[in-house]
Amino acid sequence: MLVLGIETSCDETGVALYDGGEGRLLAHDVHSQVAMHEAYGGVVPELASRDHIQRLVPLTRLVLDRSGRRVDQLNGVGYTEGPGLAGALLVGASFAHALGEALSIPVLGIHHLEGHLLSPLLSARRPEFPFVALLVSGGHTQLMRVDGVGRYRLLGETQDDAAGEAFDKTAKLLGLGYPGGPALSALAESGQPGRYPLPRPMLGSGDLDFSFSGLKTAALMLVKQGGDPADIARAFVDAVVEVLAAKSRRALEMNGLKRLVVAGGVGANQQLRATLDAEARKRGFEVYYPEPELCTDNGAMIAFAAAQRLGSAAPATHAFTVKPRWPL
């Protein structure tokens with residue numbers, strides 16, 4: 001079963017081809033719009049949508065050529081149904097349905113977070129079910145229990161800013177460019193640990209929820225007081241990482257599980273990975289990550305999720321039971 005995956009939720013156009021029969025990713029490519037949006041300090045939805053229109057057909061041809069397959073060999077198409085920018089999502093959905101209609105093959109909408117949640121299963125070192133998943137990105141921070149494809153239970157989520165969102169906003173406060181998260185993490189490497197004792201929001205709340213807006217405000221106060229940018233960045237990153245690691249560890253303990261999956265753009269953060277790896281060695285659990293290229297938005301995760309549904313008894317819908325914080 002050859003499944004084409006299309007991802008157009010925000011500022012990356014991703015296309016991939018996954019072979020469900022062989023169980024392997026044949027080819028994938030992603031076009032990033034970072035250079036285009038950099039001048040505006042953030043994503044401009046109309047520009048993002050127009051760029052997706054220009055990129056989808058060439059990327060699809062490129063992926064098919066790399067895989068040595070033809071478009072008439074496709075058995076299904078998966079696309080990101082939401083959440084994301086409305087116009088950008090419409091581009092991907094329209095392309096997927098047009099292709100499906102032309103080829104008389106099934107078309108399946110996939111929830112963006114389900115794609116991220118299953119993306120570590122594309123790695124060479126892949127987890128077995130059940131596991132706890134930390135979904136941490138620019139738009140979402142959630143802890144989930146995952147018992148199988150389509151079997152997800154929300155354990156906790158952010159009550160305000162997502163971790164990645166807080167990273168980007170704090171980077172902007174420090175005068176760093178767009179996208180700010182990676183730049184903030186890089187700056188933190190040269191900062192002095194412990195110079196600024198920023199709060200650890202909801203660390204002792206007893207539940208698995210998160211909050212990062214107050215931490216962002218605390219960083220703003222340090223900036224206004226003329227604090228050293230590198231030391232502020234280090235304090236901020238250390239605070240976020242400590243909270244994410246502690247809540248993840250607590251989720252494992254509460255569910256009696258020993259496998260943690262980390263997915264989403266912030267999952268590529270080296271400070272977070274180093275802390276979780278150290279915790280795993282100390283406390284005897286396993287932690288799994290997708291390859292860095294699969295942490296950001298990509299078509300591979302969508303193709304994989306669609307192939308799992310089309311090739312199994314799972315319902316032919318995204319069936320992601322956790323609603324995003326904002327309407328699709």
# chains A, B, ... in the order shown; residues from 1 in each chain; ligands from 1
>>> select_by_dssp(residues="segment 213-295 of chain A", states="alpha helix (DSSP H)", output="mmCIF file with C-alpha atoms, in the first residue's frame")
data_model
loop_
_atom_site.group_PDB
_atom_site.id
_atom_site.type_symbol
_atom_site.label_atom_id
_atom_site.label_comp_id
_atom_site.auth_asym_id
_atom_site.auth_seq_id
_atom_site.Cartn_x
_atom_site.Cartn_y
_atom_site.Cartn_z
ATOM 1 C CA SER A 213 2.901 32.481 30.297
ATOM 2 C CA GLY A 214 4.061 33.518 33.787
ATOM 3 C CA LEU A 215 7.562 32.288 33.076
ATOM 4 C CA LYS A 216 7.625 34.429 29.948
ATOM 5 C CA THR A 217 6.559 37.437 32.046
ATOM 6 C CA ALA A 218 9.315 36.746 34.583
ATOM 7 C CA ALA A 219 11.847 36.738 31.744
ATOM 8 C CA LEU A 220 10.431 40.050 30.517
ATOM 9 C CA MET A 221 11.057 41.616 33.951
ATOM 10 C CA LEU A 222 14.684 40.500 33.822
ATOM 11 C CA VAL A 223 15.065 42.038 30.366
ATOM 12 C CA LYS A 224 13.619 45.345 31.617
ATOM 13 C CA PRO A 229 20.719 38.053 27.639
ATOM 14 C CA ALA A 230 22.668 34.776 27.682
ATOM 15 C CA ASP A 231 22.025 34.263 31.399
ATOM 16 C CA ILE A 232 18.331 35.060 30.954
ATOM 17 C CA ALA A 233 18.140 32.574 28.096
ATOM 18 C CA ARG A 234 19.855 29.915 30.222
ATOM 19 C CA ALA A 235 17.496 30.536 33.146
ATOM 20 C CA PHE A 236 14.462 30.327 30.880
ATOM 21 C CA VAL A 237 15.530 27.137 29.098
ATOM 22 C CA ASP A 238 16.486 25.455 32.396
ATOM 23 C CA ALA A 239 13.086 26.290 33.893
ATOM 24 C CA VAL A 240 11.090 24.965 30.915
ATOM 25 C CA VAL A 241 13.179 21.802 30.635
ATOM 26 C CA GLU A 242 12.920 21.055 34.356
ATOM 27 C CA VAL A 243 9.122 21.334 34.285
ATOM 28 C CA LEU A 244 8.750 19.218 31.127
ATOM 29 C CA ALA A 245 11.039 16.518 32.511
ATOM 30 C CA ALA A 246 9.387 16.422 35.930
ATOM 31 C CA LYS A 247 5.860 16.211 34.535
ATOM 32 C CA SER A 248 6.893 13.510 32.050
ATOM 33 C CA ARG A 249 8.461 11.452 34.817
ATOM 34 C CA ARG A 250 5.328 11.864 36.940
ATOM 35 C CA ALA A 251 3.131 10.755 34.015
ATOM 36 C CA LEU A 252 5.151 7.560 33.676
ATOM 37 C CA GLU A 253 4.876 6.855 37.400
ATOM 38 C CA MET A 254 1.128 7.519 37.516
ATOM 39 C CA ASN A 255 0.523 5.159 34.592
ATOM 40 C CA GLN A 270 19.231 19.422 22.900
ATOM 41 C CA GLN A 271 18.868 20.624 26.508
ATOM 42 C CA LEU A 272 15.554 18.776 26.816
ATOM 43 C CA ARG A 273 16.982 15.600 25.287
ATOM 44 C CA ALA A 274 20.040 15.664 27.553
ATOM 45 C CA THR A 275 17.895 16.110 30.671
ATOM 46 C CA LEU A 276 15.434 13.365 29.726
ATOM 47 C CA ASP A 277 18.256 10.979 28.818
ATOM 48 C CA ALA A 278 19.860 11.584 32.211
ATOM 49 C CA GLU A 279 16.519 11.038 33.971
ATOM 50 C CA ALA A 280 15.963 7.825 32.015
ATOM 51 C CA ARG A 281 19.334 6.409 33.096
ATOM 52 C CA LYS A 282 18.741 7.433 36.694
ATOM 53 C CA ARG A 283 15.170 6.176 37.023
#
>>> closest_atom_pairs(of="segment 46-98 of chain A", to="segment 105-127 of chain A", cutoff="12 Å", atoms="only C-alpha atoms", output="tab-separated table")
residue	atom	partner	partner_atom	distance
A:Val71	CA	A:Ile105	CA	11.2
A:Asp72	CA	A:Ile105	CA	9.8
A:Gln73	CA	A:Ile105	CA	10.1
A:Leu74	CA	A:Ile105	CA	7.7
A:Asn75	CA	A:Ile105	CA	5.8
A:Gly76	CA	A:Pro106	CA	5.0
A:Val77	CA	A:Val107	CA	4.8
A:Gly78	CA	A:Leu108	CA	4.8
A:Tyr79	CA	A:Gly109	CA	5.2
A:Thr80	CA	A:Ile110	CA	5.0
A:Glu81	CA	A:Gly109	CA	4.9
A:Gly82	CA	A:His111	CA	5.5
A:Pro83	CA	A:His112	CA	6.2
A:Gly84	CA	A:His112	CA	8.0
A:Leu85	CA	A:His112	CA	11.6
A:Leu89	CA	A:His112	CA	10.4
A:Leu90	CA	A:Gly109	CA	11.5
A:Gly92	CA	A:Gly109	CA	10.0
A:Ala93	CA	A:Gly109	CA	7.8
A:Ser94	CA	A:Val107	CA	10.7
A:Phe95	CA	A:Val107	CA	10.4
A:Ala96	CA	A:Val107	CA	6.7
A:His97	CA	A:Val107	CA	6.3
A:Ala98	CA	A:Val107	CA	9.4
>>> atom_distance(atom1="atom CA of Val3 of chain A", atom2="atom CA of Val266 of chain A")
27.1 Å
>>> closest_residue(among="A:Leu143, A:Val149, A:Ala102, A:Ala86", to="Arg309 of chain A", atoms="only C-alpha atoms")
A:Val149
>>> atom_distance(atom1="atom CA of Thr60 of chain A", atom2="atom CA of Pro182 of chain A")
28.5 Å
>>> residues_around(residues="Gly87 of chain A", least_positions_apart="6", cutoff="8 Å", atoms="only C-alpha atoms", output="MDAnalysis selection string")
chainID A and resid 45:46 49
>>> residues_around(residues="Pro130 of chain A", least_positions_apart="2", cutoff="8 Å", atoms="only C-alpha atoms", output="list in words")
Glu128, Val132, Arg145, Val146, Asp147, Gly148, Leu257 and Arg259 of chain A
>>> write_last_selection(atoms="all heavy atoms", output="mmCIF file, in the first residue's frame")
data_model
loop_
_atom_site.group_PDB
_atom_site.id
_atom_site.type_symbol
_atom_site.label_atom_id
_atom_site.label_comp_id
_atom_site.auth_asym_id
_atom_site.auth_seq_id
_atom_site.Cartn_x
_atom_site.Cartn_y
_atom_site.Cartn_z
ATOM 1 N N GLU A 128 7.421 0.355 21.597
ATOM 2 C CA GLU A 128 6.246 -0.508 21.558
ATOM 3 C C GLU A 128 5.138 0.137 22.395
ATOM 4 O O GLU A 128 5.400 0.909 23.310
ATOM 5 C CB GLU A 128 6.580 -1.899 22.110
ATOM 6 C CG GLU A 128 7.594 -2.675 21.286
ATOM 7 C CD GLU A 128 7.870 -4.057 21.859
ATOM 8 O OE1 GLU A 128 7.275 -4.391 22.913
ATOM 9 O OE2 GLU A 128 8.672 -4.792 21.266
ATOM 10 N N VAL A 132 3.895 6.671 27.234
ATOM 11 C CA VAL A 132 3.491 8.048 27.497
ATOM 12 C C VAL A 132 4.151 8.922 26.440
ATOM 13 O O VAL A 132 5.330 8.747 26.128
ATOM 14 C CB VAL A 132 3.900 8.507 28.911
ATOM 15 C CG1 VAL A 132 3.757 10.028 29.048
ATOM 16 C CG2 VAL A 132 3.053 7.821 29.965
ATOM 17 N N ARG A 145 -1.374 9.306 27.154
ATOM 18 C CA ARG A 145 -1.136 7.870 27.243
ATOM 19 C C ARG A 145 -1.556 7.264 25.904
ATOM 20 O O ARG A 145 -2.665 7.521 25.418
ATOM 21 C CB ARG A 145 -1.939 7.225 28.370
ATOM 22 C CG ARG A 145 -1.713 5.703 28.437
ATOM 23 C CD ARG A 145 -2.582 4.997 29.443
ATOM 24 N NE ARG A 145 -2.451 3.551 29.288
ATOM 25 C CZ ARG A 145 -1.860 2.746 30.153
ATOM 26 N NH1 ARG A 145 -1.339 3.234 31.262
ATOM 27 N NH2 ARG A 145 -1.770 1.447 29.912
ATOM 28 N N VAL A 146 -0.674 6.471 25.299
ATOM 29 C CA VAL A 146 -0.915 5.896 23.980
ATOM 30 C C VAL A 146 -0.895 4.378 24.106
ATOM 31 O O VAL A 146 0.133 3.785 24.427
ATOM 32 C CB VAL A 146 0.150 6.364 22.975
ATOM 33 C CG1 VAL A 146 -0.134 5.776 21.595
ATOM 34 C CG2 VAL A 146 0.192 7.884 22.907
ATOM 35 N N ASP A 147 -2.040 3.739 23.848
ATOM 36 C CA ASP A 147 -2.147 2.284 23.923
ATOM 37 C C ASP A 147 -2.157 1.619 22.554
ATOM 38 O O ASP A 147 -2.133 0.399 22.465
ATOM 39 C CB ASP A 147 -3.403 1.893 24.706
ATOM 40 C CG ASP A 147 -3.276 2.231 26.192
ATOM 41 O OD1 ASP A 147 -2.401 1.662 26.854
ATOM 42 O OD2 ASP A 147 -4.042 3.090 26.670
ATOM 43 N N GLY A 148 -2.223 2.415 21.493
ATOM 44 C CA GLY A 148 -2.232 1.887 20.133
ATOM 45 C C GLY A 148 -2.693 2.974 19.190
ATOM 46 O O GLY A 148 -3.037 4.085 19.619
ATOM 47 N N LEU A 257 4.179 3.013 33.574
ATOM 48 C CA LEU A 257 4.832 2.726 32.298
ATOM 49 C C LEU A 257 6.320 3.077 32.354
ATOM 50 O O LEU A 257 6.757 3.868 33.187
ATOM 51 C CB LEU A 257 4.163 3.492 31.160
ATOM 52 C CG LEU A 257 2.690 3.148 30.895
ATOM 53 C CD1 LEU A 257 2.109 4.046 29.813
ATOM 54 C CD2 LEU A 257 2.539 1.683 30.516
ATOM 55 N N ARG A 259 8.088 3.638 29.198
ATOM 56 C CA ARG A 259 8.477 4.156 27.892
ATOM 57 C C ARG A 259 7.897 5.555 27.704
ATOM 58 O O ARG A 259 6.690 5.759 27.838
ATOM 59 C CB ARG A 259 7.986 3.227 26.770
ATOM 60 C CG ARG A 259 8.782 1.937 26.648
ATOM 61 C CD ARG A 259 8.307 1.095 25.459
ATOM 62 N NE ARG A 259 6.995 0.529 25.707
ATOM 63 C CZ ARG A 259 6.786 -0.659 26.274
ATOM 64 N NH1 ARG A 259 7.803 -1.383 26.664
ATOM 65 N NH2 ARG A 259 5.557 -1.113 26.458
#
>>> select_by_dssp(residues="segment 142-238 of chain A", states="strand (DSSP E)", output="JSON, numbers by chain")
{"A": [142, 143, 144, 145, 146, 147, 148, 151, 152, 153, 154, 155, 156, 157]}
>>> write_last_selection(atoms="C-alpha atoms", output="PDB file, in the first residue's frame")
ATOM      1  CA  GLN A 142       0.415  17.829  26.106  1.00  0.00           C
ATOM      2  CA  LEU A 143       1.040  14.549  27.871  1.00  0.00           C
ATOM      3  CA  MET A 144      -0.814  11.549  26.470  1.00  0.00           C
ATOM      4  CA  ARG A 145      -1.136   7.870  27.243  1.00  0.00           C
ATOM      5  CA  VAL A 146      -0.915   5.896  23.980  1.00  0.00           C
ATOM      6  CA  ASP A 147      -2.147   2.284  23.923  1.00  0.00           C
ATOM      7  CA  GLY A 148      -2.232   1.887  20.133  1.00  0.00           C
ATOM      8  CA  ARG A 151      -6.187   4.787  21.381  1.00  0.00           C
ATOM      9  CA  TYR A 152      -5.090   7.957  23.135  1.00  0.00           C
ATOM     10  CA  ARG A 153      -5.922   9.463  26.524  1.00  0.00           C
ATOM     11  CA  LEU A 154      -5.107  13.040  27.519  1.00  0.00           C
ATOM     12  CA  LEU A 155      -3.185  13.221  30.796  1.00  0.00           C
ATOM     13  CA  GLY A 156      -2.372  16.918  30.952  1.00  0.00           C
ATOM     14  CA  GLU A 157      -1.838  20.009  28.804  1.00  0.00           C
TER      15      GLU A 157
END
>>> closest_residue(among="A:Tyr288, A:Tyr178, A:Tyr196, A:Phe212", to="Ala35 of chain A", atoms="only C-alpha atoms")
A:Tyr178
>>> closest_residue(among="A:Asp209, A:Val30, A:Asn298, A:Val43", to="Leu134 of chain A", atoms="only C-alpha atoms")
A:Asp209
>>> residues_around(residues="Pro58 of chain A", least_positions_apart="2", cutoff="12 Å", atoms="only C-alpha atoms", output="VMD selection string")
chain A and resid 13 to 15 29 to 31 51 to 56 60 to 65
>>> write_last_selection(atoms="N, CA, C and O atoms", output="PDB file, in the first residue's frame")
ATOM      1  N   THR A  13       5.896  23.073   3.907  1.00  0.00           N
ATOM      2  CA  THR A  13       5.177  22.218   2.973  1.00  0.00           C
ATOM      3  C   THR A  13       5.893  20.876   2.961  1.00  0.00           C
ATOM      4  O   THR A  13       7.056  20.786   2.562  1.00  0.00           O
ATOM      5  N   GLY A  14       5.219  19.840   3.441  1.00  0.00           N
ATOM      6  CA  GLY A  14       5.830  18.522   3.522  1.00  0.00           C
ATOM      7  C   GLY A  14       5.086  17.506   2.673  1.00  0.00           C
ATOM      8  O   GLY A  14       3.852  17.451   2.695  1.00  0.00           O
ATOM      9  N   VAL A  15       5.831  16.699   1.919  1.00  0.00           N
ATOM     10  CA  VAL A  15       5.257  15.622   1.113  1.00  0.00           C
ATOM     11  C   VAL A  15       6.103  14.378   1.334  1.00  0.00           C
ATOM     12  O   VAL A  15       7.340  14.460   1.406  1.00  0.00           O
ATOM     13  N   ASP A  29      10.218  15.053   1.561  1.00  0.00           N
ATOM     14  CA  ASP A  29      10.901  16.336   1.434  1.00  0.00           C
ATOM     15  C   ASP A  29      10.033  17.407   2.101  1.00  0.00           C
ATOM     16  O   ASP A  29       8.803  17.280   2.158  1.00  0.00           O
ATOM     17  N   VAL A  30      10.709  18.442   2.583  1.00  0.00           N
ATOM     18  CA  VAL A  30      10.025  19.550   3.259  1.00  0.00           C
ATOM     19  C   VAL A  30      10.594  20.863   2.741  1.00  0.00           C
ATOM     20  O   VAL A  30      11.817  21.027   2.648  1.00  0.00           O
ATOM     21  N   HIS A  31       9.705  21.781   2.399  1.00  0.00           N
ATOM     22  CA  HIS A  31      10.135  23.144   2.071  1.00  0.00           C
ATOM     23  C   HIS A  31       9.742  24.055   3.225  1.00  0.00           C
ATOM     24  O   HIS A  31       8.571  24.151   3.594  1.00  0.00           O
ATOM     25  N   ASP A  51       2.266  30.194  -0.687  1.00  0.00           N
ATOM     26  CA  ASP A  51       3.496  29.439  -0.924  1.00  0.00           C
ATOM     27  C   ASP A  51       3.222  27.939  -0.994  1.00  0.00           C
ATOM     28  O   ASP A  51       3.839  27.229  -1.785  1.00  0.00           O
ATOM     29  N   HIS A  52       2.299  27.452  -0.167  1.00  0.00           N
ATOM     30  CA  HIS A  52       1.926  26.037  -0.241  1.00  0.00           C
ATOM     31  C   HIS A  52       1.405  25.691  -1.647  1.00  0.00           C
ATOM     32  O   HIS A  52       1.704  24.619  -2.183  1.00  0.00           O
ATOM     33  N   ILE A  53       0.613  26.592  -2.219  1.00  0.00           N
ATOM     34  CA  ILE A  53       0.066  26.354  -3.560  1.00  0.00           C
ATOM     35  C   ILE A  53       1.201  26.165  -4.569  1.00  0.00           C
ATOM     36  O   ILE A  53       1.156  25.287  -5.440  1.00  0.00           O
ATOM     37  N   GLN A  54       2.227  26.981  -4.455  1.00  0.00           N
ATOM     38  CA  GLN A  54       3.342  26.923  -5.399  1.00  0.00           C
ATOM     39  C   GLN A  54       4.211  25.681  -5.192  1.00  0.00           C
ATOM     40  O   GLN A  54       4.817  25.180  -6.145  1.00  0.00           O
ATOM     41  N   ARG A  55       4.284  25.177  -3.977  1.00  0.00           N
ATOM     42  CA  ARG A  55       5.251  24.120  -3.654  1.00  0.00           C
ATOM     43  C   ARG A  55       4.701  22.702  -3.773  1.00  0.00           C
ATOM     44  O   ARG A  55       5.476  21.755  -3.999  1.00  0.00           O
ATOM     45  N   LEU A  56       3.410  22.508  -3.615  1.00  0.00           N
ATOM     46  CA  LEU A  56       2.877  21.156  -3.489  1.00  0.00           C
ATOM     47  C   LEU A  56       3.126  20.273  -4.713  1.00  0.00           C
ATOM     48  O   LEU A  56       3.599  19.131  -4.574  1.00  0.00           O
ATOM     49  N   THR A  60       5.606  17.024  -4.740  1.00  0.00           N
ATOM     50  CA  THR A  60       5.027  15.700  -4.988  1.00  0.00           C
ATOM     51  C   THR A  60       5.765  14.991  -6.115  1.00  0.00           C
ATOM     52  O   THR A  60       6.089  13.797  -6.014  1.00  0.00           O
ATOM     53  N   ARG A  61       6.048  15.703  -7.193  1.00  0.00           N
ATOM     54  CA  ARG A  61       6.804  15.117  -8.302  1.00  0.00           C
ATOM     55  C   ARG A  61       8.200  14.686  -7.846  1.00  0.00           C
ATOM     56  O   ARG A  61       8.685  13.611  -8.217  1.00  0.00           O
ATOM     57  N   LEU A  62       8.833  15.518  -7.015  1.00  0.00           N
ATOM     58  CA  LEU A  62      10.174  15.206  -6.524  1.00  0.00           C
ATOM     59  C   LEU A  62      10.175  13.937  -5.686  1.00  0.00           C
ATOM     60  O   LEU A  62      11.036  13.060  -5.850  1.00  0.00           O
ATOM     61  N   VAL A  63       9.202  13.818  -4.770  1.00  0.00           N
ATOM     62  CA  VAL A  63       9.118  12.646  -3.897  1.00  0.00           C
ATOM     63  C   VAL A  63       8.846  11.382  -4.709  1.00  0.00           C
ATOM     64  O   VAL A  63       9.446  10.323  -4.459  1.00  0.00           O
ATOM     65  N   LEU A  64       7.948  11.470  -5.679  1.00  0.00           N
ATOM     66  CA  LEU A  64       7.669  10.310  -6.528  1.00  0.00           C
ATOM     67  C   LEU A  64       8.901   9.902  -7.331  1.00  0.00           C
ATOM     68  O   LEU A  64       9.223   8.712  -7.453  1.00  0.00           O
ATOM     69  N   ASP A  65       9.618  10.887  -7.858  1.00  0.00           N
ATOM     70  CA  ASP A  65      10.831  10.580  -8.623  1.00  0.00           C
ATOM     71  C   ASP A  65      11.878   9.906  -7.745  1.00  0.00           C
ATOM     72  O   ASP A  65      12.522   8.929  -8.158  1.00  0.00           O
TER      73      ASP A  65
END
